[in-house]
$ cat work-v1.cif   # mmCIF, C-alpha atoms and all ligand atoms
data_my_file
loop_
_atom_site.label_atom_id
_atom_site.label_comp_id
_atom_site.auth_asym_id
_atom_site.auth_seq_id
_atom_site.Cartn_x
_atom_site.Cartn_y
_atom_site.Cartn_z
CA MET A 1 -1.87 62.07 -73.51
CA GLN A 2 1.21 59.98 -72.82
CA VAL A 3 0.15 56.84 -71.03
CA ILE A 4 3.47 55.10 -70.47
CA GLY A 5 5.81 55.74 -67.55
CA ALA A 6 8.87 53.96 -66.20
CA TYR A 7 11.02 54.65 -63.15
CA ARG A 8 13.80 53.18 -61.04
CA ALA A 9 13.54 53.71 -57.28
CA HIS A 10 16.01 52.59 -54.65
CA THR A 11 15.20 50.96 -51.38
CA ASN A 12 16.05 52.52 -48.05
CA ILE A 13 17.05 51.14 -44.68
CA ALA A 14 15.83 52.91 -41.57
CA LEU A 15 18.41 54.03 -39.01
CA ILE A 16 15.59 55.25 -36.79
CA LYS A 17 12.73 52.83 -37.38
CA TYR A 18 9.09 53.26 -38.28
CA TRP A 19 7.31 50.84 -35.97
CA GLY A 20 3.61 51.38 -35.32
CA LYS A 21 0.74 53.16 -37.04
CA ARG A 22 -1.79 55.60 -35.69
CA HIS A 23 -4.03 55.08 -38.77
CA GLN A 24 -4.15 51.64 -40.36
CA VAL A 25 -5.59 52.52 -43.78
CA LEU A 26 -3.68 55.74 -44.39
CA HIS A 27 -0.43 54.30 -42.97
CA LEU A 28 0.06 57.26 -40.68
CA PRO A 29 2.93 56.44 -38.30
CA VAL A 30 3.16 56.95 -34.54
CA THR A 31 6.59 58.59 -34.87
CA ASN A 32 8.99 60.12 -37.38
CA SER A 33 11.63 57.81 -38.84
CA LEU A 34 14.93 58.33 -40.68
CA SER A 35 16.68 56.26 -43.33
CA LEU A 36 19.53 55.91 -45.78
CA THR A 37 18.58 55.23 -49.42
CA LEU A 38 20.77 52.53 -51.01
CA GLU A 39 22.18 52.46 -54.51
CA ALA A 40 22.54 48.67 -54.84
CA LEU A 41 18.92 47.64 -54.22
CA TYR A 42 16.18 48.96 -56.46
CA THR A 43 13.00 48.28 -58.38
CA ASP A 44 12.40 49.12 -62.04
CA THR A 45 8.74 49.61 -62.90
CA ALA A 46 6.97 50.37 -66.17
CA VAL A 47 3.26 51.19 -66.37
CA GLU A 48 1.07 51.36 -69.41
CA PHE A 49 -2.44 52.74 -69.11
CA ASP A 50 -4.95 51.71 -71.77
CA SER A 51 -6.81 54.86 -72.72
CA SER A 52 -8.81 53.16 -75.50
CA GLY A 53 -11.57 52.13 -73.13
CA MET A 54 -11.45 48.67 -74.71
CA GLY A 55 -9.09 46.93 -72.27
CA SER A 56 -10.14 44.59 -69.50
CA GLY A 57 -8.82 44.75 -65.93
CA ASP A 58 -5.44 45.62 -64.47
CA VAL A 59 -2.54 43.20 -64.80
CA PHE A 60 0.61 43.02 -62.74
CA TYR A 61 3.84 41.22 -63.61
CA LEU A 62 6.63 40.92 -61.05
CA ASN A 63 9.99 39.68 -62.32
CA GLY A 64 8.18 38.42 -65.44
CA GLU A 65 5.53 36.42 -63.58
CA ARG A 66 1.86 37.27 -63.74
CA GLN A 67 0.74 37.93 -60.17
CA SER A 68 -2.32 36.52 -58.40
CA ALA A 69 -5.65 38.33 -58.12
CA SER A 70 -4.87 39.42 -54.55
CA GLU A 71 -1.40 40.79 -55.41
CA THR A 72 -2.90 42.58 -58.42
CA GLU A 73 -5.69 43.96 -56.24
CA ALA A 74 -3.18 45.66 -53.94
CA VAL A 75 -1.51 47.29 -56.95
CA SER A 76 -4.88 48.31 -58.41
CA ARG A 77 -5.97 50.02 -55.18
CA PHE A 78 -2.67 51.90 -55.15
CA VAL A 79 -2.95 52.94 -58.82
CA ASP A 80 -6.54 54.07 -58.07
CA LEU A 81 -5.05 56.94 -56.04
CA PHE A 82 -3.41 58.20 -59.26
CA ARG A 83 -6.43 57.49 -61.50
CA GLU A 84 -8.55 59.54 -59.11
CA LEU A 85 -6.13 62.46 -59.39
CA ALA A 86 -6.06 62.14 -63.18
CA GLY A 87 -9.85 61.77 -63.37
CA ASN A 88 -9.84 58.57 -65.43
CA ASP A 89 -10.34 54.84 -64.97
CA TYR A 90 -7.89 53.49 -67.55
CA PRO A 91 -6.87 49.89 -66.89
CA VAL A 92 -3.15 49.51 -66.27
CA ARG A 93 -0.47 46.95 -66.98
CA VAL A 94 2.35 47.12 -64.44
CA ASP A 95 5.71 45.42 -65.05
CA SER A 96 8.14 45.43 -62.16
CA VAL A 97 11.58 43.98 -61.81
CA ASN A 98 12.90 43.81 -58.29
CA HIS A 99 16.62 44.00 -57.81
CA VAL A 100 16.02 43.19 -54.15
CA PRO A 101 15.30 39.75 -52.65
CA THR A 102 11.52 40.15 -52.35
CA ALA A 103 10.12 40.27 -48.79
CA ALA A 104 13.42 39.23 -47.21
CA GLY A 105 13.45 42.14 -44.78
CA LEU A 106 15.24 44.26 -47.35
CA ALA A 107 12.31 46.63 -47.75
CA SER A 108 11.42 45.65 -51.32
CA SER A 109 8.02 47.30 -50.82
CA ALA A 110 9.76 50.64 -50.30
CA SER A 111 11.43 50.71 -53.70
CA ALA A 112 8.43 49.04 -55.33
CA PHE A 113 5.82 51.60 -54.30
CA ALA A 114 8.18 54.54 -54.83
CA ALA A 115 8.91 53.36 -58.40
CA LEU A 116 5.22 52.70 -59.09
CA ALA A 117 4.21 56.12 -57.75
CA CYS A 118 6.75 57.89 -59.98
CA ALA A 119 5.83 55.82 -63.05
CA CYS A 120 2.10 56.55 -62.59
CA ASP A 121 2.79 60.25 -62.10
CA GLN A 122 4.82 60.35 -65.31
CA ALA A 123 2.37 58.29 -67.39
CA LEU A 124 -0.67 60.29 -66.31
CA GLY A 125 1.13 63.64 -66.59
CA LEU A 126 0.27 64.64 -63.03
CA GLY A 127 3.47 66.61 -62.34
CA LEU A 128 3.44 65.86 -58.60
CA SER A 129 6.26 67.10 -56.35
CA PRO A 130 8.56 64.63 -54.51
CA GLU A 131 6.69 65.46 -51.29
CA GLN A 132 3.29 64.72 -52.89
CA LEU A 133 4.70 61.49 -54.32
CA SER A 134 6.04 60.64 -50.87
CA VAL A 135 2.50 61.00 -49.43
CA LEU A 136 1.15 58.67 -52.12
CA ALA A 137 4.00 56.13 -51.92
CA ARG A 138 3.31 55.96 -48.17
CA ARG A 139 -0.18 54.65 -48.93
CA GLY A 140 1.41 51.57 -50.52
CA SER A 141 3.92 50.96 -47.76
CA GLY A 142 5.02 53.38 -45.04
CA SER A 143 8.72 53.02 -45.67
CA ALA A 144 8.20 53.83 -49.38
CA SER A 145 7.63 57.47 -48.39
CA ARG A 146 11.39 57.73 -47.73
CA SER A 147 12.52 56.22 -51.05
CA LEU A 148 11.58 59.41 -52.93
CA PHE A 149 14.79 61.00 -51.66
CA ALA A 150 18.52 60.50 -52.05
CA GLY A 151 20.78 59.82 -49.09
CA PHE A 152 19.40 60.44 -45.62
CA ALA A 153 15.66 61.12 -45.48
CA GLU A 154 13.36 61.80 -42.56
CA TRP A 155 9.66 60.91 -42.71
CA ASP A 156 7.56 63.30 -40.65
CA ALA A 157 4.70 61.66 -38.81
CA GLY A 158 2.43 64.63 -39.61
CA GLN A 159 -0.68 65.69 -37.71
CA GLY A 160 -3.86 63.85 -36.74
CA ASP A 161 -5.67 62.16 -39.61
CA ASP A 162 -4.29 64.58 -42.22
CA SER A 163 -2.76 62.30 -44.83
CA ASN A 164 -1.11 65.17 -46.69
CA SER A 165 0.90 66.18 -43.61
CA SER A 166 2.88 62.92 -43.43
CA TYR A 167 5.75 62.70 -45.92
CA ALA A 168 9.51 62.46 -46.06
CA HIS A 169 12.15 65.04 -46.96
CA SER A 170 15.85 64.92 -47.65
CA ILE A 171 18.14 65.82 -44.77
CA ASP A 172 21.57 65.09 -46.28
CA PRO A 173 22.68 63.75 -49.67
CA ALA A 174 25.11 61.35 -47.93
CA ASP A 175 27.78 62.23 -50.50
CA TRP A 176 30.55 61.22 -48.16
CA ASP A 177 32.22 58.03 -46.96
CA ILE A 178 29.24 56.07 -45.64
CA GLY A 179 27.66 52.86 -46.88
CA MET A 180 26.03 49.62 -45.87
CA LEU A 181 26.95 46.00 -46.16
CA ILE A 182 23.87 43.81 -46.22
CA VAL A 183 24.29 40.28 -44.96
CA VAL A 184 21.56 38.15 -46.51
CA VAL A 185 21.11 35.58 -43.77
CA ASN A 186 17.94 34.18 -45.33
CA ALA A 187 16.35 35.46 -48.55
CA LYS A 188 13.09 33.51 -48.15
CA LYS A 189 9.81 35.31 -47.68
CA LYS A 190 9.51 36.29 -44.03
CA LYS A 191 7.04 34.59 -41.72
CA VAL A 192 5.55 37.74 -40.17
CA SER A 193 5.03 40.85 -42.29
CA SER A 194 6.11 44.20 -40.90
CA ARG A 195 2.46 45.25 -41.06
CA GLN A 196 1.29 42.35 -38.85
CA GLY A 197 4.36 42.58 -36.62
CA MET A 198 4.01 46.26 -35.79
CA GLN A 199 0.27 45.99 -35.19
CA HIS A 200 0.67 43.03 -32.82
CA THR A 201 3.44 44.91 -30.99
CA VAL A 202 1.37 48.09 -30.61
CA GLU A 203 -1.56 46.04 -29.27
CA THR A 204 0.23 43.69 -26.88
CA SER A 205 3.74 44.87 -25.94
CA PRO A 206 4.05 46.72 -22.63
CA PHE A 207 7.37 48.09 -23.92
CA TYR A 208 5.69 49.89 -26.82
CA ALA A 209 4.72 52.76 -24.49
CA LEU A 210 8.42 53.66 -24.31
CA TRP A 211 8.98 53.60 -28.09
CA PRO A 212 7.83 57.14 -29.07
CA GLN A 213 10.05 58.86 -26.49
CA GLU A 214 13.05 56.70 -27.45
CA VAL A 215 12.59 57.59 -31.13
CA ALA A 216 12.39 61.30 -30.30
CA ARG A 217 15.61 61.06 -28.30
CA ASP A 218 17.41 59.06 -30.99
CA LEU A 219 16.37 61.54 -33.70
CA ASP A 220 17.76 64.41 -31.63
CA LEU A 221 21.06 62.54 -31.38
CA ILE A 222 21.34 61.34 -34.98
CA ARG A 223 20.42 64.54 -36.87
CA PRO A 224 23.47 66.53 -35.70
CA ALA A 225 25.66 63.42 -36.11
CA ILE A 226 24.60 63.22 -39.78
CA GLN A 227 25.37 66.90 -40.30
CA GLY A 228 28.75 66.38 -38.62
CA ARG A 229 29.46 63.18 -40.60
CA ASP A 230 30.07 61.49 -37.26
CA ILE A 231 29.71 57.86 -38.25
CA GLN A 232 30.37 56.54 -34.75
CA THR A 233 27.42 58.39 -33.26
CA ILE A 234 25.23 57.60 -36.29
CA GLY A 235 26.07 53.91 -35.94
CA GLN A 236 25.66 53.73 -32.17
CA VAL A 237 22.30 55.49 -32.23
CA ALA A 238 21.01 53.38 -35.16
CA GLU A 239 22.13 50.12 -33.56
CA HIS A 240 20.51 51.00 -30.25
CA ASN A 241 17.31 52.11 -31.99
CA ALA A 242 17.03 48.84 -33.91
CA MET A 243 17.56 46.73 -30.80
CA LYS A 244 14.95 48.75 -28.90
CA MET A 245 12.49 48.05 -31.73
CA HIS A 246 13.24 44.33 -31.54
CA ALA A 247 12.86 44.49 -27.75
CA THR A 248 9.27 45.74 -28.20
CA MET A 249 8.59 42.60 -30.29
CA LEU A 250 10.18 40.26 -27.79
CA ALA A 251 7.89 41.74 -25.13
CA SER A 252 4.73 41.31 -27.21
CA ASN A 253 2.25 38.58 -26.31
CA PRO A 254 2.56 36.01 -27.77
CA SER A 255 6.17 36.98 -28.39
CA PHE A 256 7.79 36.84 -31.81
CA ASN A 257 11.15 37.77 -33.24
CA PHE A 258 13.12 37.87 -36.48
CA PHE A 259 16.46 36.64 -35.17
CA GLU A 260 18.03 33.58 -36.72
CA GLY A 261 21.24 31.96 -35.56
CA ASP A 262 23.18 33.68 -38.32
CA SER A 263 21.67 37.08 -37.46
CA LEU A 264 23.15 36.72 -33.97
CA LEU A 265 26.44 35.54 -35.45
CA VAL A 266 26.68 38.70 -37.60
CA MET A 267 25.97 40.89 -34.60
CA ASP A 268 28.76 39.16 -32.65
CA LEU A 269 31.14 39.59 -35.58
CA VAL A 270 30.31 43.31 -35.80
CA GLN A 271 31.16 43.70 -32.12
CA GLN A 272 34.45 41.95 -32.79
CA MET A 273 35.15 44.30 -35.75
CA ARG A 274 34.55 47.28 -33.48
CA ALA A 275 36.87 45.89 -30.84
CA ASP A 276 39.46 45.67 -33.64
CA GLY A 277 38.98 49.35 -34.53
CA LEU A 278 36.50 49.27 -37.42
CA ASP A 279 33.50 51.65 -37.48
CA ALA A 280 30.85 48.96 -38.01
CA TYR A 281 27.34 48.98 -36.51
CA TYR A 282 24.34 46.75 -37.16
CA THR A 283 20.66 47.24 -37.78
CA MET A 284 17.83 44.79 -38.52
CA ASP A 285 14.30 45.21 -39.81
CA ALA A 286 11.31 42.86 -39.93
CA GLY A 287 13.42 39.97 -41.18
CA PRO A 288 16.57 38.03 -40.28
CA ASN A 289 19.03 39.92 -42.51
CA VAL A 290 21.55 42.22 -40.89
CA LYS A 291 22.69 45.51 -42.36
CA ILE A 292 26.07 46.85 -41.34
CA ILE A 293 26.43 50.63 -41.30
CA CYS A 294 30.02 51.70 -41.91
CA PRO A 295 32.32 53.94 -43.92
CA TYR A 296 32.10 52.60 -47.50
CA SER A 297 35.89 52.50 -47.58
CA GLN A 298 35.94 49.95 -44.73
CA ILE A 299 33.74 47.38 -46.51
CA PRO A 300 36.67 45.28 -47.82
CA ALA A 301 38.05 44.98 -44.26
CA ILE A 302 34.58 44.21 -42.85
CA LYS A 303 34.05 41.48 -45.44
CA THR A 304 37.10 39.59 -44.23
CA TYR A 305 35.26 38.85 -40.96
CA LEU A 306 32.17 37.58 -42.79
CA GLU A 307 33.69 35.61 -45.64
CA PRO A 308 34.52 32.54 -43.54
CA HIS A 309 30.79 32.24 -42.69
CA PHE A 310 28.87 33.48 -45.74
CA HIS A 311 28.95 33.05 -49.53
CA ALA A 312 29.98 36.05 -51.61
CA ASP A 313 26.42 36.46 -52.94
CA GLN A 314 25.11 36.84 -49.38
CA LEU A 315 27.13 40.04 -48.97
CA ILE A 316 25.71 43.08 -50.77
CA ALA A 317 27.71 46.29 -50.49
CA SER A 318 26.03 49.59 -51.20
CA ARG A 319 26.80 53.26 -51.38
CA PRO A 320 24.04 55.77 -50.64
CA GLY A 321 21.43 55.85 -53.40
CA SER A 322 19.82 58.58 -55.47
CA ALA A 323 16.22 59.76 -55.72
CA PRO A 324 14.05 57.86 -58.25
CA THR A 325 15.11 58.30 -61.87
CA PRO A 326 13.14 57.92 -65.11
CA ILE A 327 14.19 54.93 -67.22
CA ASP A 328 13.43 53.64 -70.69
CA PRO A 329 10.35 51.34 -70.37
CA GLU A 330 12.17 48.89 -72.62
CA THR A 331 14.80 48.31 -69.91
CA VAL A 332 12.02 46.67 -67.90
CA ARG A 333 10.06 45.00 -70.67
CA GLY A 334 12.98 44.15 -72.93
CA MET A 335 14.62 42.30 -70.08
CA LEU A 336 11.51 40.23 -69.47
CA TYR A 337 10.20 39.47 -72.93
CA ASP A 338 13.22 39.30 -75.23
O1 LIG B 401 6.93 49.98 -44.81
P1 LIG B 401 6.57 48.75 -44.06
O2 LIG B 401 5.09 48.66 -43.77
O3 LIG B 401 7.08 47.50 -44.72
O4 LIG B 401 7.30 48.82 -42.62
C1 LIG B 401 8.69 48.91 -42.48
C2 LIG B 401 9.09 48.63 -41.06
C3 LIG B 401 10.58 48.49 -40.82
O5 LIG B 401 11.27 48.07 -41.96
C4 LIG B 401 10.79 47.44 -39.73
C5 LIG B 401 11.19 49.78 -40.29
C6 LIG B 401 11.36 50.90 -41.30
O6 LIG B 401 11.29 52.06 -40.87
O7 LIG B 401 11.61 50.65 -42.49
#
$ encode --input "work-v1.cif" --output "structure tokens"
Amino acid sequence: MQVIGAYRAHTNIALIKYWGKRHQVLHLPVTNSLSLTLEALYTDTAVEFDSSGMGSGDVFYLNGERQSASETEAVSRFVDLFRELAGNDYPVRVDSVNHVPTAAGLASSASAFAALACACDQALGLGLSPEQLSVLARRGSGSASRSLFAGFAEWDAGQGDDSNSSYAHSIDPADWDIGMLIVVVNAKKKKVSSRQGMQHTVETSPFYALWPQEVARDLDLIRPAIQGRDIQTIGQVAEHNAMKMHATMLASNPSFNFFEGDSLLVMDLVQQMRADGLDAYYTMDAGPNVKIICPYSQIPAIKTYLEPHFHADQLIASRPGSAPTPIDPETVRGMLYD
């Protein structure tokens, strides 16, 4: 049996956010969510299972650094889902290279778990469908369920406690003039994880009761706008949805938020761009970075507003991304150990 697998998966940014779980362990969400997969931000992951029965425990390297016992434990529990399906207990070595500032609110966990799911599937010869892989990727991190698909993807909440009913599907390949400009306001690890943040919000925010109905309404507005390639409606709905999510956090008790001074500056600049006729809209996740949704062709014009305030390496432009693709394991390992 082949025991090596390697995949590249791209991250995704939600236009209609996933915010709140109905099942903590299975990562079953309260609502559907909808995202755009991005070409520029991705994770490359190689796995090697040791079928000799002689190896010791699992090991996990991220960007060439051996990870702690607790980080490795999280990866091991995730890989267990695949070992159970394959009916073996082979120890694994996982090598991952993140082409995303880790934990900076740029959804690195989404590309990471999608790449790991695909690499495990390949190595263990499971032959799972994208939908089955989406279910499994979700167990690592909810948003990872959407990174199995190119372009626009919608993650269905599913029914009750049925894990297999909650997965994403592609709704549009986004092979038209749309993109994102990510403004990296602060690439440091965020202070509150999305997991903690959403749980605290569900438990303490009086505004959370409004969230499911707002998501349903926003999805009804954005789906036809995507089909019609109507970037103005897509942008308006996404911007409003993101700000409603952040409003639920502001109303939690004790309150918390992810806004930094520069996040607010970018939002002001986007409003100025719009007043000047550009189709630019902002969204933010569980971190201070701002993502600008716009026609890809307008990115050079949009950058001119940001360049006086930010370094070139804080501005990451991306076209829509593809579904995960197999890669040569040596592209991961060679890069790290040459
Ligand atoms: O997948 P998680 O557990 O990191 O949660 C992601 C939550 C948001 O990024 C804020 C929204 C989303 O839908 O990606």
$ residues_near_point --input "work-v1.cif" --point "(38.9, 44.3, -41.9)" --cutoff "10 Å" --atoms "only C-alpha atoms" --output "VMD selection string"
chain A and resid 273 to 274 276 to 278 298 to 306
$ write_last_selection --input "work-v1.cif" --atoms "C-alpha atoms" --output "compact mmCIF listing (two decimals), in the coordinates of the input"
# COMPACT_ATOMS: atom_id res chain seq x y z
CA MET A 273 35.15 44.30 -35.75
CA ARG A 274 34.55 47.28 -33.48
CA ASP A 276 39.46 45.67 -33.64
CA GLY A 277 38.98 49.35 -34.53
CA LEU A 278 36.50 49.27 -37.42
CA GLN A 298 35.94 49.95 -44.73
CA ILE A 299 33.74 47.38 -46.51
CA PRO A 300 36.67 45.28 -47.82
CA ALA A 301 38.05 44.98 -44.26
CA ILE A 302 34.58 44.21 -42.85
CA LYS A 303 34.05 41.48 -45.44
CA THR A 304 37.10 39.59 -44.23
CA TYR A 305 35.26 38.85 -40.96
CA LEU A 306 32.17 37.58 -42.79
$ residues_near_ligand --input "work-v1.cif" --ligand "ligand LIG 401 (chain B)" --cutoff "7 Å" --atoms "only C-alpha atoms and all ligand atoms" --output "list of chain:residue names"
A:Ile13, A:Ala14, A:Ile16, A:Lys17, A:Tyr18, A:Trp19, A:Ser33, A:Gly105, A:Ala107, A:Ser109, A:Ala110, A:Ser141, A:Gly142, A:Ser143, A:Ala144, A:Ser194, A:Arg195, A:Asp285, A:Ala286
$ closest_residue --input "work-v1.cif" --among "A:Tyr208, A:Tyr296, A:Tyr61, A:Tyr7" --to "Ala119 of chain A" --atoms "all atoms listed in the file"
A:Tyr7
$ residues_around --input "work-v1.cif" --residues "segment 154-161 of chain A" --least-positions-apart "5" --cutoff "7 Å" --atoms "all atoms listed in the file" --output "VMD selection string"
chain A and resid 28 to 35 145 to 146 166 to 171
$ residues_around --input "work-v1.cif" --residues "Gly57 of chain A" --least-positions-apart "2" --cutoff "10 Å" --atoms "only C-alpha atoms" --output "PyMOL selection string"
chain A and resi 50+54-55+59+72+76+90-93
$ atom_distance --input "work-v1.cif" --atom1 "atom CA of Val202 of chain A" --atom2 "atom CA of Val185 of chain A"
26.8 Å
$ atom_distance --input "work-v1.cif" --atom1 "atom CA of Pro295 of chain A" --atom2 "atom CA of Tyr282 of chain A"
12.7 Å
$ atom_distance --input "work-v1.cif" --atom1 "atom CA of His27 of chain A" --atom2 "atom CA of Arg139 of chain A"
6.0 Å
$ closest_residue --input "work-v1.cif" --among "A:Thr201, A:Ser322, A:Thr283, A:Gln132" --to "Gly151 of chain A" --atoms "only C-alpha atoms"
A:Ser322
$ residues_around --input "work-v1.cif" --residues "Lys244 of chain A" --least-positions-apart "4" --cutoff "8 Å" --atoms "all atoms listed in the file" --output "list in words"
Trp211, His240 and Thr248 of chain A
$ axis_aligned_box --input "work-v1.cif" --around "segment 239-247 of chain A" --padding-each-side "4 Å" --output "JSON"
{"center_x": 17.3, "center_y": 48.2, "center_z": -30.8, "size_x": 17.6, "size_y": 15.8, "size_z": 14.2}
$ closest_residue --input "work-v1.cif" --among "A:Asn257, A:Ser96, A:Ser51, A:Asn88" --to "Val332 of chain A" --atoms "all atoms listed in the file"
A:Ser96
$ closest_residue --input "work-v1.cif" --among "A:Leu26, A:Ala247, A:Asp58, A:Phe152" --to "Val135 of chain A" --atoms "all atoms listed in the file"
A:Leu26
$ closest_residue --input "work-v1.cif" --among "A:Ala86, A:Ala9, A:Leu269, A:Ile222" --to "Leu148 of chain A" --atoms "all atoms listed in the file"
A:Ala9
$ closest_residue --input "work-v1.cif" --among "A:Ala251, A:Ala238, A:Leu315, A:Ile292" --to "Glu203 of chain A" --atoms "only C-alpha atoms"
A:Ala251
$ residues_near_point --input "work-v1.cif" --point "(18.5, 55.4, -58.9)" --cutoff "8 Å" --atoms "all atoms listed in the file" --output "PyMOL selection string"
chain A and resi 8-10+39+42+321-325
